[in-house]
Amino acid sequence: MRTKQIDKSPARLDFIQSASGLILALFMWGHMFFVSTILLGKDVMYQVTLFFEGYYFFAESYPLIVTIIAGTVFVIFILHAGVAMRKFPSSYKQYKILKNHIETFKHADTKLWFWQIFTGFAMFFLGSVHLYIIMTNSTEIGPYASADRVVSEWMWPLYILLLLAVELHGSIGLYRLCLKWGWFEGKDAKTSRVKLRQAKYAITIFFLTLGFLTLAAYIKIGLEHQDRAGERYHIEKTVVQGVKS
Amino acid sequence: MSEEKAPRILKINILRFDPNNPQDFPQIQTFEVEEAYGMTLYVVLNEIREHQDNSLMFDFVCRAGICGSCSMLVNGRPTLACRTLTSKLDENITLAPLPLFKLIKDLSIYSGEWMHYLNEHLETWIHDKEKEVNVDKLEERMEPALADEIYELDRCVECGCCVAACGTIQMKPSFVGAVGLNKVARYHLDPRDKRTDEEYYELIGDENGVFGCMTLLGCEDVCPKDLPLQSKISIFKKNDAKNRTQKLEIYIQTVIYPCYS
């Protein structure tokens, strides 16, 4: 007897959207902490760069590792964007209906979702540019190289917009993931939702503050280093020992 | 000597429209009503109809938040007129019919048509799969706790507030909404319903069902019966198979989880 097959693809697409979003959001937290090491000094950031290039494992730098990481993130990013597009308003009429609903209803979580759509749309472009540059220029990461990219290569306007988009999109996304899957729900869903929303705002403020301080640090270094743009940073000890001529 | 405060004069702005009259067009009409102690919007609307304009149409039956008939948009927010105290609102109050449902006139809507389609589509009745109904057969015993859980979900009065508050339905009217998913949860809990997980999945396992939900939770925030819609629509990854009948969150656990695996 032939049994009827059920179509599991809607469940899978839903799962892929949640899983890829979670991976990207957690990656962005890690990414933010790593790039913000510039606030602790150029040496610390340089050591983090060397770590991701595998220097402390292979005694030699392999920027290809960074290319592979960036490429993997890019693939997950595209996958997430692809499945998340199902939720976007698909016509101007739908957009108008949604906008009208948000304006009249004045509901906080519905407004947050609109911001998520808006920032998600912006990241189609902003995120793609950044990821492609990192993927194809993985040797150009470091205290001076990154600062030069921000200032001398005019990436700072894009990074300001990208920072806003990523932090808003990521924190709203994680908040909604918790609600969707019932994480941290506890016995009282209403109370836990209030706490989750507070945590969401706190996380957004924390990462935006950290992000702008970090960007300011790179801009400062980039401005100071503008005349010598292209020169790469090396830890002084290395130079003293004559490893680098 | 304490001076008694003069009652507020409420300005009630009502969206008036008769879709059956080709000459009519939507317009806002403003009425002034003197506020009284403990006044609800239902009382305000009666006051207007009795003393100012007897052509004003709105729905009501129970006047006590039980029937769900007087649902409408109050300052853009879906709620029941009979449970809304004017003292909680500003002097300027705007009333409009719930969107998405068939408009009869002014604030009166025909939500029955939408709900009827939903109930037929989701087959919201017990499926026991017995070919012949034996009315003499005793029903199986049910644990009181489970009966309570079913009753909790059965308290839905189909007022349509969750439908009007749902951003997804606004864009995609084919989405079954919280009212639909809540009904499915109710029947899935019921041991008398013999439908399999796969059969339930076929009902709601698509973009018009549980995967269309974007977790905006407008439904949860406006439900006049305070139904646990957030928990009902949450997708729980934990598959507590041993304990599944005792848990409220079953419906997605058991319906959706097997489909991921």
# chains A, B, ... in the order shown; residues from 1 in each chain; ligands from 1

$ closest_atom_pairs --of "chain A" --to "chain B" --cutoff "10 Å" --atoms "only C-alpha atoms" --output "tab-separated table"
residue	atom	partner	partner_atom	distance
A:Lys4	CA	B:Glu198	CA	9.7
A:Gln5	CA	B:Glu198	CA	9.2
A:Ile6	CA	B:Glu202	CA	6.9
A:Asp7	CA	B:Glu202	CA	8.2
A:Lys8	CA	B:Cys259	CA	6.0
A:Ser9	CA	B:Asp206	CA	8.5
A:Pro10	CA	B:Asp206	CA	5.4
A:Ala11	CA	B:Tyr260	CA	6.4
A:Arg12	CA	B:Tyr260	CA	6.4
A:Leu13	CA	B:Phe211	CA	8.9
A:Asp14	CA	B:Phe211	CA	6.4
A:Phe15	CA	B:Tyr260	CA	7.9
A:Arg86	CA	B:Glu207	CA	9.0
A:Lys87	CA	B:Met214	CA	7.7
A:Phe88	CA	B:Met171	CA	9.6
A:Pro89	CA	B:Met171	CA	7.1
A:Ser90	CA	B:Met171	CA	8.8
A:Ser91	CA	B:Met171	CA	9.5
A:Lys93	CA	B:Met171	CA	8.5
A:Gln94	CA	B:Met171	CA	5.2
A:Tyr95	CA	B:Met171	CA	7.9
A:Lys96	CA	B:Met171	CA	9.2
A:Ile97	CA	B:Met171	CA	6.6
A:Leu98	CA	B:Gly167	CA	6.5
A:Lys99	CA	B:Gly167	CA	9.6
A:Asn100	CA	B:Gln170	CA	9.8
A:His101	CA	B:Gly167	CA	7.0
A:Ile102	CA	B:Gly167	CA	8.0
A:Glu103	CA	B:Gly76	CA	8.4
A:Thr104	CA	B:Gly76	CA	4.7
A:Phe105	CA	B:Gly76	CA	4.8
A:Lys106	CA	B:Gly76	CA	7.6
A:His107	CA	B:Gly218	CA	6.9
A:Ala108	CA	B:Gly218	CA	8.8
A:Asp109	CA	B:Leu216	CA	5.4
A:Thr110	CA	B:Leu216	CA	5.3
A:Lys111	CA	B:Leu216	CA	8.8
A:Leu112	CA	B:Leu216	CA	8.4
A:Trp113	CA	B:Leu216	CA	7.0
A:Phe114	CA	B:Gly167	CA	9.9
A:Arg176	CA	B:Thr215	CA	6.6
A:Leu177	CA	B:Thr215	CA	8.5
A:Cys178	CA	B:Ser234	CA	8.9
A:Leu179	CA	B:Ser234	CA	6.5
A:Lys180	CA	B:Ser234	CA	4.6
A:Trp181	CA	B:Ile235	CA	4.5
A:Gly182	CA	B:Ser234	CA	5.6
A:Trp183	CA	B:Phe236	CA	8.3
A:Glu185	CA	B:Ser231	CA	8.4
A:Asp188	CA	B:Ser231	CA	9.7
A:Ala189	CA	B:Ser231	CA	7.0
A:Lys190	CA	B:Gln230	CA	8.5
A:Arg193	CA	B:Gln230	CA	9.5

$ write_last_selection --atoms "N, CA and C atoms" --output "short mmCIF file (atom, residue, chain, number, x, y, z; two decimals), in the first residue's frame"
data_model
loop_
_atom_site.label_atom_id
_atom_site.label_comp_id
_atom_site.auth_asym_id
_atom_site.auth_seq_id
_atom_site.Cartn_x
_atom_site.Cartn_y
_atom_site.Cartn_z
N LYS A 4 1.00 8.06 2.14
CA LYS A 4 1.05 9.46 1.72
C LYS A 4 2.27 10.15 2.33
N GLN A 5 3.03 10.81 1.50
CA GLN A 5 4.23 11.52 1.97
C GLN A 5 3.85 12.93 2.39
N ILE A 6 4.32 13.32 3.57
CA ILE A 6 4.06 14.71 3.95
C ILE A 6 5.27 15.56 3.55
N ASP A 7 4.98 16.81 3.20
CA ASP A 7 6.03 17.71 2.76
C ASP A 7 6.70 18.34 3.98
N LYS A 8 7.94 17.94 4.23
CA LYS A 8 8.64 18.44 5.40
C LYS A 8 9.40 19.74 5.12
N SER A 9 9.40 20.18 3.88
CA SER A 9 10.23 21.35 3.54
C SER A 9 9.86 22.61 4.34
N PRO A 10 8.57 22.90 4.61
CA PRO A 10 8.31 24.10 5.42
C PRO A 10 8.97 24.03 6.80
N ALA A 11 8.95 22.83 7.40
CA ALA A 11 9.60 22.65 8.72
C ALA A 11 11.09 22.85 8.60
N ARG A 12 11.67 22.31 7.53
CA ARG A 12 13.12 22.42 7.36
C ARG A 12 13.54 23.86 7.10
N LEU A 13 12.78 24.54 6.26
CA LEU A 13 13.11 25.95 5.98
C LEU A 13 13.05 26.78 7.25
N ASP A 14 12.03 26.51 8.06
CA ASP A 14 11.87 27.23 9.31
C ASP A 14 13.05 26.96 10.23
N PHE A 15 13.45 25.70 10.29
CA PHE A 15 14.58 25.33 11.13
C PHE A 15 15.87 25.96 10.63
N ARG A 86 11.30 34.79 2.83
CA ARG A 86 9.91 34.30 2.80
C ARG A 86 9.00 35.17 3.66
N LYS A 87 9.60 35.79 4.67
CA LYS A 87 8.79 36.55 5.63
C LYS A 87 8.64 38.02 5.25
N PHE A 88 9.39 38.45 4.25
CA PHE A 88 9.33 39.86 3.84
C PHE A 88 7.98 40.16 3.16
N PRO A 89 7.52 41.40 3.25
CA PRO A 89 6.36 41.78 2.42
C PRO A 89 6.75 41.59 0.95
N SER A 90 5.91 40.91 0.19
CA SER A 90 6.32 40.55 -1.17
C SER A 90 5.79 41.52 -2.23
N SER A 91 5.08 42.56 -1.82
CA SER A 91 4.60 43.54 -2.79
C SER A 91 4.45 44.88 -2.07
N LYS A 93 1.84 46.61 -1.93
CA LYS A 93 0.55 46.59 -1.23
C LYS A 93 0.72 45.97 0.16
N GLN A 94 1.43 44.85 0.21
CA GLN A 94 1.67 44.19 1.50
C GLN A 94 2.48 45.11 2.43
N TYR A 95 3.46 45.80 1.84
CA TYR A 95 4.28 46.72 2.63
C TYR A 95 3.41 47.83 3.23
N LYS A 96 2.52 48.37 2.43
CA LYS A 96 1.65 49.46 2.89
C LYS A 96 0.71 48.97 4.00
N ILE A 97 0.18 47.76 3.80
CA ILE A 97 -0.72 47.18 4.82
C ILE A 97 0.03 47.03 6.14
N LEU A 98 1.25 46.49 6.04
CA LEU A 98 2.05 46.28 7.25
C LEU A 98 2.39 47.60 7.92
N LYS A 99 2.79 48.58 7.14
CA LYS A 99 3.17 49.89 7.68
C LYS A 99 1.96 50.52 8.40
N ASN A 100 0.81 50.43 7.76
CA ASN A 100 -0.42 50.97 8.34
C ASN A 100 -0.76 50.24 9.66
N HIS A 101 -0.59 48.92 9.64
CA HIS A 101 -0.86 48.11 10.83
C HIS A 101 0.06 48.53 11.98
N ILE A 102 1.33 48.73 11.67
CA ILE A 102 2.31 49.12 12.70
C ILE A 102 1.97 50.50 13.26
N GLU A 103 1.60 51.42 12.38
CA GLU A 103 1.31 52.79 12.83
C GLU A 103 0.05 52.85 13.70
N THR A 104 -0.96 52.08 13.33
CA THR A 104 -2.22 52.16 14.09
C THR A 104 -2.17 51.30 15.35
N PHE A 105 -1.55 50.13 15.27
CA PHE A 105 -1.55 49.19 16.38
C PHE A 105 -0.61 49.63 17.51
N LYS A 106 0.51 50.23 17.12
CA LYS A 106 1.51 50.71 18.11
C LYS A 106 1.91 49.59 19.07
N HIS A 107 2.33 48.48 18.52
CA HIS A 107 2.71 47.31 19.31
C HIS A 107 4.22 47.12 19.22
N ALA A 108 4.87 47.06 20.40
CA ALA A 108 6.33 47.08 20.45
C ALA A 108 6.98 45.96 19.64
N ASP A 109 6.51 44.72 19.82
CA ASP A 109 7.15 43.60 19.13
C ASP A 109 6.92 43.64 17.62
N THR A 110 5.77 44.16 17.21
CA THR A 110 5.52 44.29 15.77
C THR A 110 6.45 45.34 15.17
N LYS A 111 6.68 46.43 15.92
CA LYS A 111 7.63 47.46 15.46
C LYS A 111 9.04 46.88 15.36
N LEU A 112 9.40 46.08 16.35
CA LEU A 112 10.74 45.47 16.34
C LEU A 112 10.92 44.62 15.08
N TRP A 113 9.86 43.92 14.73
CA TRP A 113 9.96 43.07 13.54
C TRP A 113 10.17 43.91 12.28
N PHE A 114 9.52 45.07 12.24
CA PHE A 114 9.71 45.95 11.09
C PHE A 114 11.18 46.38 11.00
N ARG A 176 13.56 37.15 19.42
CA ARG A 176 12.42 36.45 18.82
C ARG A 176 12.67 34.95 18.72
N LEU A 177 13.94 34.55 18.58
CA LEU A 177 14.25 33.12 18.59
C LEU A 177 13.90 32.51 19.94
N CYS A 178 14.22 33.24 21.01
CA CYS A 178 13.90 32.75 22.37
C CYS A 178 12.40 32.58 22.53
N LEU A 179 11.63 33.55 22.03
CA LEU A 179 10.17 33.44 22.14
C LEU A 179 9.65 32.30 21.28
N LYS A 180 10.19 32.19 20.08
CA LYS A 180 9.71 31.19 19.13
C LYS A 180 9.92 29.77 19.63
N TRP A 181 11.11 29.53 20.18
CA TRP A 181 11.44 28.17 20.60
C TRP A 181 11.19 27.94 22.09
N GLY A 182 10.72 28.96 22.79
CA GLY A 182 10.41 28.78 24.21
C GLY A 182 11.62 28.72 25.11
N TRP A 183 12.78 29.25 24.64
CA TRP A 183 13.98 29.24 25.49
C TRP A 183 13.77 30.23 26.63
N GLU A 185 11.74 30.28 28.89
CA GLU A 185 10.35 30.65 29.12
C GLU A 185 9.95 30.47 30.59
N ASP A 188 6.37 31.20 33.92
CA ASP A 188 5.55 32.35 33.59
C ASP A 188 6.08 33.01 32.31
N ALA A 189 5.39 32.70 31.20
CA ALA A 189 5.86 33.19 29.89
C ALA A 189 5.85 34.71 29.80
N LYS A 190 4.87 35.33 30.43
CA LYS A 190 4.76 36.80 30.33
C LYS A 190 5.93 37.50 31.04
N ARG A 193 9.15 37.00 29.17
CA ARG A 193 9.21 37.82 27.96
C ARG A 193 9.66 39.24 28.29
#

$ residues_around --residues "range 57-64 of chain A" --least-positions-apart "5" --cutoff "7 Å" --atoms "only C-alpha atoms" --output "list in words"
Leu50, Ser138 and Thr139 of chain A

$ atom_distance --atom1 "CA of Lys225 in chain B" --atom2 "CA of Cys162 in chain B"
10.6 Å

$ atom_distance --atom1 "CA of Ala6 in chain B" --atom2 "CA of Asp90 in chain B"
15.5 Å

$ residues_around --residues "Leu161 in chain A" --least-positions-apart "4" --cutoff "10 Å" --atoms "only C-alpha atoms" --output "PDB file with N, CA, C and O atoms, in the first residue's frame"
ATOM      1  N   THR A 119      16.589  46.300   8.712  1.00  0.00           N
ATOM      2  CA  THR A 119      18.031  46.079   8.865  1.00  0.00           C
ATOM      3  C   THR A 119      18.482  44.852   8.057  1.00  0.00           C
ATOM      4  O   THR A 119      19.589  44.835   7.530  1.00  0.00           O
ATOM      5  N   ALA A 122      18.956  45.976   4.558  1.00  0.00           N
ATOM      6  CA  ALA A 122      20.189  46.770   4.437  1.00  0.00           C
ATOM      7  C   ALA A 122      21.420  45.868   4.409  1.00  0.00           C
ATOM      8  O   ALA A 122      22.383  46.117   3.680  1.00  0.00           O
ATOM      9  N   MET A 123      21.359  44.802   5.182  1.00  0.00           N
ATOM     10  CA  MET A 123      22.533  43.919   5.265  1.00  0.00           C
ATOM     11  C   MET A 123      22.763  43.074   4.025  1.00  0.00           C
ATOM     12  O   MET A 123      23.861  42.560   3.820  1.00  0.00           O
ATOM     13  N   LEU A 126      25.218  45.754   2.683  1.00  0.00           N
ATOM     14  CA  LEU A 126      26.325  46.130   3.570  1.00  0.00           C
ATOM     15  C   LEU A 126      27.140  44.893   3.976  1.00  0.00           C
ATOM     16  O   LEU A 126      28.370  44.907   3.920  1.00  0.00           O
ATOM     17  N   GLY A 127      26.445  43.840   4.401  1.00  0.00           N
ATOM     18  CA  GLY A 127      27.117  42.627   4.846  1.00  0.00           C
ATOM     19  C   GLY A 127      27.884  41.960   3.714  1.00  0.00           C
ATOM     20  O   GLY A 127      29.000  41.473   3.915  1.00  0.00           O
ATOM     21  N   TRP A 156      34.590  53.606   6.563  1.00  0.00           N
ATOM     22  CA  TRP A 156      33.907  53.981   7.815  1.00  0.00           C
ATOM     23  C   TRP A 156      32.416  54.282   7.648  1.00  0.00           C
ATOM     24  O   TRP A 156      31.624  53.915   8.525  1.00  0.00           O
ATOM     25  N   PRO A 157      31.966  54.923   6.555  1.00  0.00           N
ATOM     26  CA  PRO A 157      30.504  55.138   6.460  1.00  0.00           C
ATOM     27  C   PRO A 157      29.747  53.807   6.397  1.00  0.00           C
ATOM     28  O   PRO A 157      28.701  53.645   7.031  1.00  0.00           O
ATOM     29  N   ALA A 165      22.998  48.117  11.740  1.00  0.00           N
ATOM     30  CA  ALA A 165      22.125  47.074  11.181  1.00  0.00           C
ATOM     31  C   ALA A 165      22.356  45.736  11.876  1.00  0.00           C
ATOM     32  O   ALA A 165      21.408  45.053  12.279  1.00  0.00           O
ATOM     33  N   VAL A 166      23.620  45.351  12.030  1.00  0.00           N
ATOM     34  CA  VAL A 166      23.942  44.040  12.607  1.00  0.00           C
ATOM     35  C   VAL A 166      23.480  43.954  14.054  1.00  0.00           C
ATOM     36  O   VAL A 166      22.830  42.976  14.451  1.00  0.00           O
TER      37      VAL A 166
END

$ closest_residue --among "B:Ser87, B:Ser55, B:Ser111, B:Asn134" --to "Asp18 in chain B" --atoms "only C-alpha atoms"
B:Ser55

$ select_by_dssp --residues "range 37-258 of chain B" --states "helix (DSSP H, G or I)" --output "ChimeraX atom specification"
/B:41-51,81-83,86-88,111-122,144-154,161-165,167-171,177-189,197-204,210-212,218-222,229-233,241-246,250-255,257-258

$ select_by_dssp --residues "range 2-241 of chain B" --states "strand (DSSP E)" --output "ChimeraX atom specification"
/B:9-16,27-34,71-74,77-80,92-96,102-105,108-110

$ write_last_selection --atoms "C-alpha atoms" --output "mmCIF file, in the first residue's frame"
data_model
loop_
_atom_site.group_PDB
_atom_site.id
_atom_site.type_symbol
_atom_site.label_atom_id
_atom_site.label_comp_id
_atom_site.auth_asym_id
_atom_site.auth_seq_id
_atom_site.Cartn_x
_atom_site.Cartn_y
_atom_site.Cartn_z
ATOM 1 C CA ILE B 9 -16.528 65.096 27.994
ATOM 2 C CA LEU B 10 -15.359 62.240 25.819
ATOM 3 C CA LYS B 11 -14.875 62.795 22.112
ATOM 4 C CA ILE B 12 -15.757 59.519 20.430
ATOM 5 C CA ASN B 13 -14.511 59.355 16.837
ATOM 6 C CA ILE B 14 -16.203 56.505 15.004
ATOM 7 C CA LEU B 15 -15.376 55.225 11.547
ATOM 8 C CA ARG B 16 -18.753 55.094 9.819
ATOM 9 C CA GLN B 27 -15.823 58.859 7.224
ATOM 10 C CA ILE B 28 -15.065 59.661 10.828
ATOM 11 C CA GLN B 29 -17.986 61.010 12.844
ATOM 12 C CA THR B 30 -17.380 62.521 16.259
ATOM 13 C CA PHE B 31 -19.810 62.274 19.174
ATOM 14 C CA GLU B 32 -19.512 63.883 22.562
ATOM 15 C CA VAL B 33 -20.486 61.873 25.632
ATOM 16 C CA GLU B 34 -20.285 62.831 29.278
ATOM 17 C CA SER B 71 -14.579 43.403 19.454
ATOM 18 C CA MET B 72 -13.324 46.508 17.665
ATOM 19 C CA LEU B 73 -10.263 48.696 17.214
ATOM 20 C CA VAL B 74 -9.969 51.135 20.100
ATOM 21 C CA ARG B 77 -5.781 48.297 19.303
ATOM 22 C CA PRO B 78 -8.152 45.310 19.005
ATOM 23 C CA THR B 79 -10.161 44.779 22.158
ATOM 24 C CA LEU B 80 -13.661 44.216 23.544
ATOM 25 C CA ASN B 92 -10.215 61.465 22.426
ATOM 26 C CA ILE B 93 -11.163 57.910 21.544
ATOM 27 C CA THR B 94 -11.161 56.500 18.036
ATOM 28 C CA LEU B 95 -13.227 53.424 17.234
ATOM 29 C CA ALA B 96 -13.061 51.383 14.046
ATOM 30 C CA LYS B 102 -16.563 41.237 6.449
ATOM 31 C CA LEU B 103 -17.936 44.660 7.362
ATOM 32 C CA ILE B 104 -21.695 44.847 7.922
ATOM 33 C CA LYS B 105 -21.870 48.518 8.866
ATOM 34 C CA SER B 108 -20.475 45.740 13.122
ATOM 35 C CA ILE B 109 -18.576 42.887 11.453
ATOM 36 C CA TYR B 110 -19.390 39.375 10.361
#

$ residues_around --residues "Lys200 in chain A" --least-positions-apart "3" --cutoff "9 Å" --atoms "only C-alpha atoms" --output "PyMOL selection string"
chain A and resi 171-172+174-175+195-197+203-205

$ residues_around --residues "Thr49 in chain A" --least-positions-apart "6" --cutoff "12 Å" --atoms "only C-alpha atoms" --output "ChimeraX atom specification"
/A:31,34-38,42-43,55-56,61-63,65-66,138-146,233-235

$ write_last_selection --atoms "N, CA, C and O atoms" --output "mmCIF file, in the first residue's frame"
data_model
loop_
_atom_site.group_PDB
_atom_site.id
_atom_site.type_symbol
_atom_site.label_atom_id
_atom_site.label_comp_id
_atom_site.auth_asym_id
_atom_site.auth_seq_id
_atom_site.Cartn_x
_atom_site.Cartn_y
_atom_site.Cartn_z
ATOM 1 N N HIS A 31 32.762 38.017 17.009
ATOM 2 C CA HIS A 31 33.447 38.938 16.093
ATOM 3 C C HIS A 31 33.644 40.297 16.756
ATOM 4 O O HIS A 31 34.719 40.891 16.698
ATOM 5 N N PHE A 34 36.341 40.173 19.310
ATOM 6 C CA PHE A 34 37.682 40.062 18.729
ATOM 7 C C PHE A 34 38.153 41.396 18.146
ATOM 8 O O PHE A 34 39.286 41.813 18.389
ATOM 9 N N VAL A 35 37.281 42.055 17.379
ATOM 10 C CA VAL A 35 37.730 43.324 16.763
ATOM 11 C C VAL A 35 37.914 44.415 17.825
ATOM 12 O O VAL A 35 38.741 45.312 17.661
ATOM 13 N N SER A 36 37.156 44.287 18.930
ATOM 14 C CA SER A 36 37.258 45.336 19.956
ATOM 15 C C SER A 36 38.534 45.204 20.788
ATOM 16 O O SER A 36 38.797 46.048 21.644
ATOM 17 N N THR A 37 39.307 44.151 20.549
ATOM 18 C CA THR A 37 40.574 44.029 21.287
ATOM 19 C C THR A 37 41.518 45.186 20.958
ATOM 20 O O THR A 37 42.483 45.412 21.675
ATOM 21 N N ILE A 38 41.193 45.935 19.902
ATOM 22 C CA ILE A 38 41.997 47.120 19.580
ATOM 23 C C ILE A 38 41.939 48.125 20.730
ATOM 24 O O ILE A 38 42.871 48.914 20.925
ATOM 25 N N LYS A 42 47.207 47.864 20.312
ATOM 26 C CA LYS A 42 47.498 47.313 18.981
ATOM 27 C C LYS A 42 48.086 45.908 19.087
ATOM 28 O O LYS A 42 47.778 45.028 18.279
ATOM 29 N N ASP A 43 48.929 45.712 20.113
ATOM 30 C CA ASP A 43 49.569 44.397 20.261
ATOM 31 C C ASP A 43 48.539 43.292 20.484
ATOM 32 O O ASP A 43 48.642 42.207 19.910
ATOM 33 N N TYR A 55 48.799 31.171 13.543
ATOM 34 C CA TYR A 55 50.226 31.336 13.861
ATOM 35 C C TYR A 55 50.625 30.548 15.096
ATOM 36 O O TYR A 55 51.703 29.957 15.140
ATOM 37 N N TYR A 56 49.720 30.536 16.103
ATOM 38 C CA TYR A 56 50.066 29.868 17.360
ATOM 39 C C TYR A 56 49.911 28.350 17.281
ATOM 40 O O TYR A 56 50.250 27.634 18.210
ATOM 41 N N SER A 61 51.830 32.141 9.721
ATOM 42 C CA SER A 61 50.490 32.692 9.464
ATOM 43 C C SER A 61 49.894 32.149 8.173
ATOM 44 O O SER A 61 50.581 32.106 7.138
ATOM 45 N N TYR A 62 48.647 31.739 8.263
ATOM 46 C CA TYR A 62 47.919 31.274 7.071
ATOM 47 C C TYR A 62 46.626 32.083 6.937
ATOM 48 O O TYR A 62 45.577 31.688 7.457
ATOM 49 N N PRO A 63 46.668 33.222 6.261
ATOM 50 C CA PRO A 63 45.447 34.040 6.097
ATOM 51 C C PRO A 63 44.322 33.284 5.394
ATOM 52 O O PRO A 63 43.158 33.668 5.478
ATOM 53 N N ILE A 65 43.043 30.673 6.318
ATOM 54 C CA ILE A 65 42.100 30.231 7.359
ATOM 55 C C ILE A 65 40.998 31.281 7.519
ATOM 56 O O ILE A 65 39.814 30.956 7.621
ATOM 57 N N VAL A 66 41.415 32.559 7.520
ATOM 58 C CA VAL A 66 40.442 33.651 7.641
ATOM 59 C C VAL A 66 39.519 33.677 6.424
ATOM 60 O O VAL A 66 38.310 33.882 6.539
ATOM 61 N N SER A 138 42.176 38.649 3.014
ATOM 62 C CA SER A 138 42.369 38.179 4.391
ATOM 63 C C SER A 138 43.762 38.512 4.922
ATOM 64 O O SER A 138 43.996 38.428 6.130
ATOM 65 N N THR A 139 44.672 38.884 4.061
ATOM 66 C CA THR A 139 46.012 39.284 4.536
ATOM 67 C C THR A 139 45.989 40.707 5.093
ATOM 68 O O THR A 139 46.921 41.129 5.754
ATOM 69 N N GLU A 140 44.927 41.417 4.771
ATOM 70 C CA GLU A 140 44.847 42.845 5.149
ATOM 71 C C GLU A 140 44.077 43.046 6.447
ATOM 72 O O GLU A 140 43.174 43.863 6.517
ATOM 73 N N ILE A 141 44.402 42.233 7.449
ATOM 74 C CA ILE A 141 43.760 42.413 8.761
ATOM 75 C C ILE A 141 44.860 42.628 9.803
ATOM 76 O O ILE A 141 45.852 41.894 9.834
ATOM 77 N N GLY A 142 44.653 43.626 10.619
ATOM 78 C CA GLY A 142 45.652 43.951 11.653
ATOM 79 C C GLY A 142 45.413 45.367 12.124
ATOM 80 O O GLY A 142 44.572 46.083 11.561
ATOM 81 N N PRO A 143 46.132 45.813 13.129
ATOM 82 C CA PRO A 143 45.891 47.159 13.672
ATOM 83 C C PRO A 143 46.006 48.255 12.605
ATOM 84 O O PRO A 143 45.147 49.140 12.541
ATOM 85 N N TYR A 144 47.044 48.194 11.776
ATOM 86 C CA TYR A 144 47.195 49.227 10.741
ATOM 87 C C TYR A 144 46.348 48.921 9.499
ATOM 88 O O TYR A 144 45.698 49.805 8.957
ATOM 89 N N ALA A 145 46.385 47.658 9.078
ATOM 90 C CA ALA A 145 45.656 47.289 7.849
ATOM 91 C C ALA A 145 44.162 47.565 7.996
ATOM 92 O O ALA A 145 43.524 48.130 7.094
ATOM 93 N N SER A 146 43.603 47.176 9.157
ATOM 94 C CA SER A 146 42.164 47.388 9.377
ATOM 95 C C SER A 146 41.853 48.873 9.505
ATOM 96 O O SER A 146 40.846 49.360 8.975
ATOM 97 N N TYR A 233 51.478 46.374 10.559
ATOM 98 C CA TYR A 233 51.890 46.411 11.961
ATOM 99 C C TYR A 233 52.655 45.144 12.323
ATOM 100 O O TYR A 233 52.312 44.048 11.869
ATOM 101 N N HIS A 234 53.681 45.310 13.137
ATOM 102 C CA HIS A 234 54.397 44.152 13.676
ATOM 103 C C HIS A 234 54.748 44.441 15.115
ATOM 104 O O HIS A 234 55.063 45.576 15.463
ATOM 105 N N ILE A 235 54.729 43.407 15.938
ATOM 106 C CA ILE A 235 55.081 43.604 17.342
ATOM 107 C C ILE A 235 56.571 43.932 17.418
ATOM 108 O O ILE A 235 57.397 43.291 16.754
#

$ residues_around --residues "Leu45 in chain B" --least-positions-apart "3" --cutoff "9 Å" --atoms "only C-alpha atoms" --output "PyMOL selection string"
chain B and resi 12+40-42+48-50+56+58+81

$ write_last_selection --atoms "N, CA, C and O atoms" --output "short mmCIF file (atom, residue, chain, number, x, y, z; two decimals), in the first residue's frame"
data_model
loop_
_atom_site.label_atom_id
_atom_site.label_comp_id
_atom_site.auth_asym_id
_atom_site.auth_seq_id
_atom_site.Cartn_x
_atom_site.Cartn_y
_atom_site.Cartn_z
N ILE B 12 -15.78 60.87 21.00
CA ILE B 12 -15.76 59.52 20.43
C ILE B 12 -15.76 59.63 18.90
O ILE B 12 -16.77 60.03 18.30
N THR B 40 -18.00 51.90 30.47
CA THR B 40 -17.24 51.14 29.47
C THR B 40 -17.59 51.68 28.08
O THR B 40 -18.58 52.42 27.91
N LEU B 41 -16.81 51.29 27.09
CA LEU B 41 -17.10 51.75 25.72
C LEU B 41 -18.44 51.22 25.24
O LEU B 41 -19.12 51.84 24.42
N TYR B 42 -18.79 50.05 25.74
CA TYR B 42 -20.10 49.49 25.37
C TYR B 42 -21.22 50.44 25.82
O TYR B 42 -22.16 50.71 25.08
N ILE B 48 -24.70 56.72 22.71
CA ILE B 48 -24.74 57.41 21.42
C ILE B 48 -25.94 56.93 20.60
O ILE B 48 -26.69 57.72 20.02
N ARG B 49 -26.14 55.62 20.57
CA ARG B 49 -27.22 55.09 19.74
C ARG B 49 -28.60 55.50 20.30
O ARG B 49 -29.52 55.80 19.53
N GLU B 50 -28.71 55.54 21.60
CA GLU B 50 -30.03 55.88 22.18
C GLU B 50 -30.35 57.37 22.13
O GLU B 50 -31.50 57.75 21.97
N LEU B 56 -26.35 54.16 14.26
CA LEU B 56 -25.03 53.59 14.55
C LEU B 56 -25.14 52.09 14.79
O LEU B 56 -25.97 51.65 15.59
N PHE B 58 -23.31 48.51 15.94
CA PHE B 58 -22.21 47.77 16.59
C PHE B 58 -22.80 46.49 17.17
O PHE B 58 -24.01 46.36 17.31
N ALA B 81 -15.22 46.09 23.54
CA ALA B 81 -15.76 47.36 24.02
C ALA B 81 -16.32 47.22 25.43
O ALA B 81 -16.19 48.12 26.27
#
